Amino acid sequence: MKKILLTGATGYIGKRMISVIAAQGYKVVCCCRDASRFSKSLDIDESLIDVIEVDFLKPETLGTIPEDISGAYYLMHSMSNMDDYENSEKICAENFAQIIEKTQCEHIVYLSGLVNEKELSRHLSSRYQVEKTLMECKVPVTVLRAGIIIGSGSASFEIIRDLVEKLPVMVAPRWLDTKCQPIGIANVLDFLIFVLFKEESYHKSFDIGCDDVLTYKQILSEYAKVRGLKRYIYTLPVMTPKLSSYWLYFITSTSYNLASALVGSMKIEVICRPESLSEIKRITGIQPFSYETALRRTLAKIQANEIISSWKDSFISSRRDASLKEFMEVPHFGCFTDLRSIAYDDREKCLDRVFSLGGNNGWYGQGLWKIRGFLDVLVGGPGLRRGRTHPQRLHEGDALDFWRVLYADRTEGKLILFAEMKLPGEAWLVFKLYRGKLWQKAVFRPHGISGRLYWYSVLPFHGIIFKGMLKKLAGVQSGFSSNNLKQDISKFNG
């Protein structure tokens, strides 16, 4: 059985490629910086998946890559949380190329952006630099260049959806008149898998997209048409990139850094070279479906809660670009703790409520949570806008409003969340069903005096937020337990 190395396995495209590669009879070797974030939630035989911890910015970690791989997918991007992401992406590509040359790899496939203009944004320039670096590798490389990807959970699509669903009247930046050539996520996955080991594609780059060339204004208008919404869109002759980025940040669920990168790219036409698109269609036998079809397929997936991956679950949406390992252990010393417990009505119903927190399901004590989310957005945090990928299921690494899921196990009855809101410190929220009770623990590790002042400033609201939430989650109206805190902590940690 051939082994295929998959980088970016926890990303939007990478997570979907796992099942696609396995379905072709290959074994998937998934590369993750943090294996604890990798969730085998897909319906795949686990014997077909190996997970290895690799950080391509750290050459000393690359020894875990097996030599007997036959092919590799390069799906790594790090544009959102680093000021010098171009340099980081170049180093990653160089380290990847060096280690791949030492293996039995026969073919590398890289998914890039459409880079056919002479003047490129920082984001697209970085993608092109990675492409050139990989092309210098001794192993044959195929580059697929895509523009806007239309799919449930993609950053581009979520921005389109947020804008049209929220704004009956849009006064938008002038880049809405820029032309682009979108492509459905299903077609992207098809091109990625069917180009693998096709010798005709070696040492070449190909543009992939549907046959529709549209302006961003037409992209939004077509979405409104499919959804049956009446929308009015007007463009301003002048709006600076910075103002455009803030406009996207405050209206949509995107982070400011990602909005800024996307705005830079949206000013540039991203249209496929006709001869390139024709050639890759011939090599793979794929005919991409139209933008309207891609929209309808995507909306159907969302309606059925069949979102396999979302950009929001990537660190692109986070305020940090680091491993969560250092936060897996909830600290006890030097921290402020709010611990409460209550007897629950029914274990399974209680678990359903706990594992359905956030997103459209909301947080019990919704008004105060919304205020906290709004304040977080004002200071550059994610707020409550990210929601959740699935209304009932949670997995390690998922984004949950302004939290990140560190641990989720229904059988054990335990959920650990780490705060990604803007805070003068670090915060955890833990739920655990233990001996007939639901335990809820909020932990805050302050950074200096500002952290301590923050804790005491919000302390008066804890009784409202945490006590009320605990009762609702437990499904009871009374029975709140407040024992000796030291004894409670000992029981909880035990």
# chains A, B, ... in the order shown; residues from 1 in each chain; ligands from 1

call {"tool": "residues_around", "arguments": {"residues": "A:Met17", "least_positions_apart": "2", "cutoff": "9 Å", "atoms": "only C-alpha atoms", "output": "list of chain:residue names"}}
result
A:Leu6, A:Ala9, A:Ile13, A:Gly14, A:Lys15, A:Ser19, A:Val20, A:Ile21, A:Ala22, A:Leu189, A:Leu192, A:Ile193

call {"tool": "select_by_dssp", "arguments": {"residues": "stretch 351-431 of chain A", "states": "strand (DSSP E or B)", "output": "ChimeraX atom specification"}}
result
/A:399-400,403-409,414-419,425-431

call {"tool": "atom_distance", "arguments": {"atom1": "atom CA of A:Met469", "atom2": "atom CA of A:Leu417"}}
result
15.2 Å

call {"tool": "atom_distance", "arguments": {"atom1": "atom CA of A:Lys370", "atom2": "atom CA of A:Gly425"}}
result
20.7 Å

call {"tool": "closest_atom_pairs", "arguments": {"of": "stretch 191-227 of chain A", "to": "stretch 298-306 of chain A", "cutoff": "10 Å", "atoms": "only C-alpha atoms", "output": "Markdown table"}}
result
| residue | atom | partner | partner_atom | distance |
| --- | --- | --- | --- | --- |
| A:Tyr223 | CA | A:Leu299 | CA | 9.9 |
| A:Val226 | CA | A:Leu299 | CA | 9.4 |
| A:Arg227 | CA | A:Leu299 | CA | 8.9 |

call {"tool": "select_by_dssp", "arguments": {"residues": "stretch 120-328 of chain A", "states": "helix (DSSP H, G or I)", "output": "tab-separated table (two decimals) with C-alpha atoms, in the first residue's frame"}}
result
chain	number	residue	atom	x	y	z
A	122	ARG	CA	1.74	39.98	-0.15
A	123	HIS	CA	-0.42	36.92	0.26
A	124	LEU	CA	-0.21	35.84	-3.38
A	125	SER	CA	3.47	36.80	-3.67
A	126	SER	CA	4.22	34.48	-0.78
A	127	ARG	CA	2.31	31.64	-2.44
A	128	TYR	CA	4.27	32.21	-5.65
A	129	GLN	CA	7.56	32.22	-3.74
A	130	VAL	CA	6.66	28.86	-2.21
A	131	GLU	CA	5.80	27.55	-5.68
A	132	LYS	CA	9.23	28.58	-7.03
A	133	THR	CA	10.97	27.02	-4.03
A	134	LEU	CA	9.18	23.70	-4.46
A	135	MET	CA	9.81	23.67	-8.21
A	155	ALA	CA	-13.03	31.57	4.59
A	156	SER	CA	-14.05	33.06	1.22
A	157	PHE	CA	-17.50	31.52	1.28
A	158	GLU	CA	-18.14	32.45	4.93
A	159	ILE	CA	-17.33	36.08	4.12
A	160	ILE	CA	-19.74	36.00	1.17
A	161	ARG	CA	-22.42	34.43	3.35
A	162	ASP	CA	-21.92	36.89	6.22
A	163	LEU	CA	-22.13	39.92	3.96
A	164	VAL	CA	-25.26	38.86	2.08
A	165	GLU	CA	-27.13	37.39	5.05
A	166	LYS	CA	-26.45	40.36	7.34
A	174	ARG	CA	-14.45	49.42	-5.07
A	175	TRP	CA	-12.69	46.06	-5.23
A	176	LEU	CA	-16.16	44.55	-5.60
A	177	ASP	CA	-15.75	45.33	-9.31
A	185	ILE	CA	-14.50	22.68	-2.97
A	186	ALA	CA	-15.53	19.28	-4.39
A	187	ASN	CA	-13.77	20.15	-7.67
A	188	VAL	CA	-10.65	21.29	-5.80
A	189	LEU	CA	-10.46	17.93	-4.03
A	190	ASP	CA	-11.04	16.10	-7.33
A	191	PHE	CA	-8.20	17.96	-9.05
A	192	LEU	CA	-5.88	17.33	-6.09
A	193	ILE	CA	-6.44	13.59	-6.03
A	194	PHE	CA	-6.69	12.87	-9.76
A	199	GLU	CA	3.36	12.29	-15.28
A	200	GLU	CA	1.91	14.75	-17.80
A	201	SER	CA	1.50	17.21	-14.94
A	216	TYR	CA	-17.13	40.08	-6.55
A	217	LYS	CA	-20.33	42.11	-6.79
A	218	GLN	CA	-21.80	39.42	-9.06
A	219	ILE	CA	-20.59	36.77	-6.62
A	220	LEU	CA	-22.61	38.43	-3.84
A	221	SER	CA	-25.63	39.07	-6.05
A	222	GLU	CA	-25.76	35.45	-7.22
A	223	TYR	CA	-25.67	34.26	-3.61
A	224	ALA	CA	-28.59	36.56	-2.78
A	225	LYS	CA	-30.49	35.21	-5.80
A	226	VAL	CA	-29.96	31.58	-4.80
A	227	ARG	CA	-31.07	32.37	-1.25
A	241	PRO	CA	-7.17	48.80	2.14
A	242	LYS	CA	-7.09	49.43	5.89
A	243	LEU	CA	-10.69	50.67	5.95
A	244	SER	CA	-11.72	47.75	3.74
A	245	SER	CA	-10.07	45.32	6.16
A	246	TYR	CA	-11.88	46.86	9.14
A	247	TRP	CA	-15.13	46.78	7.16
A	248	LEU	CA	-14.77	43.02	6.62
A	249	TYR	CA	-13.57	42.43	10.17
A	250	PHE	CA	-16.54	44.09	11.87
A	251	ILE	CA	-19.23	42.78	9.51
A	256	TYR	CA	-8.50	41.24	11.02
A	257	ASN	CA	-5.24	39.70	9.79
A	258	LEU	CA	-7.07	37.38	7.42
A	259	ALA	CA	-9.33	40.23	6.25
A	260	SER	CA	-6.26	42.35	5.53
A	261	ALA	CA	-4.62	39.54	3.51
A	262	LEU	CA	-7.80	38.88	1.54
A	263	VAL	CA	-8.40	42.55	0.76
A	264	GLY	CA	-4.90	42.75	-0.68
A	265	SER	CA	-5.72	39.84	-2.98
A	266	MET	CA	-9.22	41.05	-3.88
A	274	PRO	CA	-7.62	29.36	-20.54
A	275	GLU	CA	-4.98	27.03	-21.98
A	276	SER	CA	-3.84	25.99	-18.51
A	277	LEU	CA	-7.38	25.21	-17.33
A	278	SER	CA	-8.10	23.25	-20.53
A	279	GLU	CA	-4.97	21.16	-20.10
A	280	ILE	CA	-5.65	20.17	-16.49
A	281	LYS	CA	-9.23	19.28	-17.42
A	282	ARG	CA	-7.88	16.97	-20.12
A	283	ILE	CA	-5.28	15.37	-17.84
A	284	THR	CA	-7.71	14.69	-14.99
A	291	TYR	CA	-20.66	28.89	-9.47
A	292	GLU	CA	-24.42	28.57	-8.95
A	293	THR	CA	-24.13	24.78	-8.62
A	294	ALA	CA	-21.25	25.17	-6.17
A	295	LEU	CA	-23.40	27.56	-4.11
A	296	ARG	CA	-26.41	25.25	-4.02
A	297	ARG	CA	-24.26	22.25	-3.07
A	298	THR	CA	-22.59	24.23	-0.29
A	299	LEU	CA	-25.84	25.56	1.15
A	300	ALA	CA	-27.27	22.03	1.13
A	301	LYS	CA	-24.27	20.79	3.14
A	302	ILE	CA	-24.73	23.58	5.67
A	303	GLN	CA	-28.44	22.88	5.97
A	311	TRP	CA	-11.29	27.76	8.42
A	312	LYS	CA	-12.45	28.89	11.87
A	313	ASP	CA	-11.05	25.70	13.40
A	315	PHE	CA	-5.31	28.95	13.92
A	316	ILE	CA	-6.05	31.42	11.09
A	317	SER	CA	-9.01	32.49	13.23
A	325	LYS	CA	0.14	21.67	24.24
A	326	GLU	CA	1.32	24.16	26.84
A	327	PHE	CA	-2.30	24.85	27.80
